[in-house]
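Engineer: First the structure, then my questions, so here it is.
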Amino acid sequence: MIEKDDVEKRGNEMGRPSRSEYTARIRRLVDRLRTDIRSGELRSGDYIPSEVELGSTYGLSKESVRKALDILVEEGMIVKIKRVGNRVAIPAYAQGKMVDAVQDTERRTILRFAYYPSMDTEVNMKEAIAEFESANPSIGIQLLPTPFPVDYVEHGIADVITLTNWDALKLREQDPSWSMLASAPHSEAAHPLLYTPFLGPAGRTAAAPFVFSPIVLCYNRQHFMSCQLEEPQQGWTWDRLLHTSRVLSGQLGVIGFAAHMQSVNRWPVFLLQNGFRLQNGEEGDAVDRPAFWESLRMARNLIYQQGGAAPFWSENDADAERWFREGRVSIIMTSYFGINRWRDTGIDYGISELPGLKSDSTLLLVTGLAISGKAKYPDASRALVRFLCSPKIQSGIRRSTLTLPAHLEALTIRDGLAGNRPQREPDLNGIWGKCKFYSDLQLGTKALESVREELKTYWSKLEDETEAGKRLDMLID
């Protein structure tokens with residue numbers, strides 16, 4: 001495989017290379033990749049190193065690396081796949097035939113499994129896959145951690161993928177029949193509500209529920225005890241939380257409450273709690289409805305009306321979770337997936353249902369397992385899905401992580417739970433009637449994403465509701 005050589009290292013140390021040296025480096029990169037492909041070192045279906053890695057290895061800019069790769073694209077040796085990478089597209093010449101990307105030297109069946117990278121922590125994915133391979137010695141798993149599993153199915157790269165209900169909704173909007181996915185195994189062990197995001201025409205199941213989480217509150221119990229405050233509980237309102245956060249901020253010098261409000265897993269909760277729907281029989285523009293602005297106003301108040309600390313700005317959900325772990329925030333809006341970030345800490349914390357507006361609804365996040373409609377080994381793919389949804393693996397998820405398994409019996413396990421667990425948490429049996437999905441808003445994913453982008457200006461106080469309403473009206477009318 002590609003390695004740095006002394007010539008390239010010396011070139012970097014001597015300063016900016018000449019044009020002839022750049023040309024020579026591009027040629028060496030192309031020649032090395034071409035050789036690796038022809039020798040079988042890089043096989044058909046394999047991905048070459050990233051453009052960043054190649055640039056570092058050969059002392060080239062991204063633009064120069066792309067010029068080199070374009071040569072191989074023109075020769076038909078590699079194909080560029082958007083948001084995924086560059087894949088070898090031809091057989092390895094040394095063998096004189098197509099190298100089957102799904103068979104290894106022992107002739108085991110090799111399944112390609114694309115999954116969200118966070119699941120290595122949230123469900124101990126690598127350990128679960130190792131157990132599957134041990135139980136099924138004729139099947140090997142090629143792990144493909146990626147933020148875009150659906151793209152891997154679309155381009156024929158993966159046989160099995162993880163699929164969130166958000167990605168499932170986006171996919172259904174593009175293809176209502178989910179034609180790129182095969183029917184997933186069905187189990188009575190999961191709550192029927194968990195199948196809702198994955199049900200297609202004629203009741204076909206596009207994914208098997210794997211893990212889930214409602215959006216919840218997580219709070220630092222020590223902070224509450226220090227201020228002699230009552231811990232959050234069912235029946236709280238957001239106004240009650242706002243008052244409590246002011247006390248925490250004033251007495252402890254922390255941020256009382258934090259959430260990455262721009263997240264598609266956060267701000268829609270306020271619309272769901274206020275009963276907002278795009279098509280609910282009401283007359284007039286959607287943005288003229290009181291429920292719409294009451295929801296967004298509360299979200300903005302939670303940012304600016306806590307007192308004490310300056311307003312916070314975050315890049316993603318993990319920011320609030322990190323601040324909580326560091327003791328800088330007393331209460332956050334999070335999920336059981338995110339809580340895994342402090343399962344190895346000593347934080348004394350509790351979990352509560354969300355405060356309410358007109359209702360105490362919450363957003364339900366579900367991750368399922370889907371099978372590609374073009375999977376070369378559909379039986380083996382179904383076996384992998386069944387195994388990951390089995391009582392053994394699901395019980396392991398329950399005992400070793402904070403993530404909630406889809407298997408209802410595994411969810412009830414109370415013994416042998418490892419890690420730092422919440423000292424208080426809501427009764428999970430009572431959450432189902434409060435759970436809502438993105439689809440309940442009757443807004444498409446594109447509209448939700450567009451509204452979120454427009455709301456950044458409103459949440460930043462750079463415009464008022466009238467100004468924001470004019471622009472939002474064009475997006476969701």
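Just remember, in the structure tokens the first chain shown is A, the second B, etc., residues are 1-based per chain, and ligands are 1-based in the order shown.
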List every residue of range 156-353 of chain A that DSSP, applied to the backbone of this structure, assigns to strand (DSSP E or B), and report them as a count of residues only.
Structural biologist: 37
Engineer: For each of A:Glu321, A:Asp464, A:Glu326, A:Glu454, take the minimum atom-to-atom distance to Asn340 in chain A, counting only C-alpha atoms, then give the residue where this is smallest.
Structural biologist: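 Smallest distance to Asn340 in chain A is found for A:Glu321.
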Engineer: If you run DSSP over the backbone, which residues in range 256-399 of chain A end up helix (DSSP H, G or I)? Put them as a VMD selection string.
Structural biologist: chain A and resid 268 to 273 286 to 288 290 to 304 317 to 325 336 to 342 378 to 388 391 to 399
Engineer: Would you give me, as JSON lines, each residue of range 317-406 of chain A having an atom within 10 Å of an atom of range 117-133 of chain A, along with its shortest atom pair and that distance in Å to one decimal, using only C-alpha atoms and sorting by chain and residue number?
Structural biologist:
```
{"residue": "A:Tyr336", "atom": "CA", "partner": "A:Glu122", "partner_atom": "CA", "distance": 8.8}
{"residue": "A:Phe337", "atom": "CA", "partner": "A:Glu122", "partner_atom": "CA", "distance": 5.9}
{"residue": "A:Gly338", "atom": "CA", "partner": "A:Glu122", "partner_atom": "CA", "distance": 8.0}
{"residue": "A:Ile339", "atom": "CA", "partner": "A:Glu122", "partner_atom": "CA", "distance": 8.9}
{"residue": "A:Asn340", "atom": "CA", "partner": "A:Glu122", "partner_atom": "CA", "distance": 6.2}
{"residue": "A:Arg341", "atom": "CA", "partner": "A:Thr121", "partner_atom": "CA", "distance": 8.2}
{"residue": "A:Ala383", "atom": "CA", "partner": "A:Phe132", "partner_atom": "CA", "distance": 9.2}
{"residue": "A:Leu384", "atom": "CA", "partner": "A:Phe132", "partner_atom": "CA", "distance": 7.2}
{"residue": "A:Phe387", "atom": "CA", "partner": "A:Phe132", "partner_atom": "CA", "distance": 6.9}
{"residue": "A:Leu388", "atom": "CA", "partner": "A:Ala128", "partner_atom": "CA", "distance": 7.2}
{"residue": "A:Lys392", "atom": "CA", "partner": "A:Ala128", "partner_atom": "CA", "distance": 9.7}
{"residue": "A:Ile393", "atom": "CA", "partner": "A:Ala128", "partner_atom": "CA", "distance": 6.6}
{"residue": "A:Gln394", "atom": "CA", "partner": "A:Val123", "partner_atom": "CA", "distance": 9.0}
{"residue": "A:Gly396", "atom": "CA", "partner": "A:Ala128", "partner_atom": "CA", "distance": 8.5}
{"residue": "A:Ile397", "atom": "CA", "partner": "A:Val123", "partner_atom": "CA", "distance": 5.5}
{"residue": "A:Arg398", "atom": "CA", "partner": "A:Val123", "partner_atom": "CA", "distance": 8.6}
{"residue": "A:Ser400", "atom": "CA", "partner": "A:Val123", "partner_atom": "CA", "distance": 8.0}
{"residue": "A:Thr401", "atom": "CA", "partner": "A:Val123", "partner_atom": "CA", "distance": 6.3}
{"residue": "A:Leu402", "atom": "CA", "partner": "A:Glu122", "partner_atom": "CA", "distance": 7.4}
{"residue": "A:Thr403", "atom": "CA", "partner": "A:Glu122", "partner_atom": "CA", "distance": 6.1}
{"residue": "A:Leu404", "atom": "CA", "partner": "A:Val123", "partner_atom": "CA", "distance": 9.1}
{"residue": "A:Pro405", "atom": "CA", "partner": "A:Val123", "partner_atom": "CA", "distance": 8.9}
```
Engineer: When you look at range 330-334 of chain A with a cut-off of 8 Å (counting only C-alpha atoms), what residues show up, excluding the ones that are within fewer than 4 positions of it in the same chain? I need them as a PyMOL selection string.
Structural biologist: chain A and resi 215-220+223+245+248+254-259+266+317+320-321+324+338-339+354
Engineer: Contacts of Glu425 in chain A at 8 Å or less, counting only C-alpha atoms, minus same-chain residues fewer than 3 places along, as a PyMOL selection string?
Structural biologist: chain A and resi 350-352+422
Engineer: Please produce a file of the residues just selected, as a compact mmCIF listing (two decimals), in the first residue's frame, where the atoms kept are N, CA, C and O atoms.
Structural biologist:
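What follows is the written file part-v8.txt:
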```
# COMPACT_ATOMS: atom_id res chain seq x y z
N GLY A 350 -29.91 12.69 37.02
CA GLY A 350 -31.23 12.08 36.86
C GLY A 350 -31.79 12.39 35.49
O GLY A 350 -31.29 13.28 34.78
N ILE A 351 -32.80 11.66 35.11
CA ILE A 351 -33.47 11.85 33.83
C ILE A 351 -34.95 12.10 34.11
O ILE A 351 -35.54 11.47 34.99
N SER A 352 -35.53 13.01 33.35
CA SER A 352 -36.93 13.34 33.51
C SER A 352 -37.58 13.48 32.15
O SER A 352 -36.90 13.75 31.15
N PRO A 422 -28.47 6.72 35.72
CA PRO A 422 -29.20 7.82 36.37
C PRO A 422 -29.80 7.36 37.69
O PRO A 422 -30.32 6.25 37.80
```
Engineer: Using CA of Arg289 in chain A and CA of Pro176 in chain A as the two end points, give the distance in Å to one decimal.
Structural biologist: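 A separation of 29.8 Å between them.
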Engineer: Quick one: of A:Thr367, A:Arg246, A:Arg424, A:Arg300, who's nearest to Thr457 in chain A, counting only C-alpha atoms?
Structural biologist: A:Arg300
Engineer: For Pro145 in chain A, please output as a CSV table (one decimal) with N, CA, C and O atoms, in the first residue's frame all residues within 8 Å (counting only C-alpha atoms; exclusion window: fewer than 6 positions along the same chain).
Structural biologist:
```csv
chain,number,residue,atom,x,y,z
A,114,ALA,N,-22.8,-1.0,6.8
A,114,ALA,CA,-22.6,0.5,7.0
A,114,ALA,C,-23.5,1.0,8.2
A,114,ALA,O,-24.7,0.8,8.2
A,115,TYR,N,-22.8,1.6,9.1
A,115,TYR,CA,-23.5,2.0,10.3
A,115,TYR,C,-23.0,3.4,10.8
A,115,TYR,O,-21.9,3.8,10.4
A,116,TYR,N,-23.8,4.1,11.6
A,116,TYR,CA,-23.4,5.4,12.1
A,116,TYR,C,-22.2,5.2,13.1
A,116,TYR,O,-22.3,4.4,14.0
A,117,PRO,N,-21.1,6.0,12.9
A,117,PRO,CA,-19.9,5.8,13.8
A,117,PRO,C,-20.2,5.9,15.3
A,117,PRO,O,-19.6,5.2,16.1
```
Engineer: Can you tell me, as a ChimeraX atom specification, what residues are no more than 10 Å from range 183-198 of chain A when counting only C-alpha atoms, ignoring any on the same chain fewer than 6 positions away?
Structural biologist: /A:163-169,172,204-212,364-373,381-383,385-386,389-391,405-411,432-433,435-439
Engineer: Just to confirm, what's the straight-line distance from CA of Leu72 in chain A to CA of Thr57 in chain A in Å (one decimal)?
Structural biologist: 17.9 Å
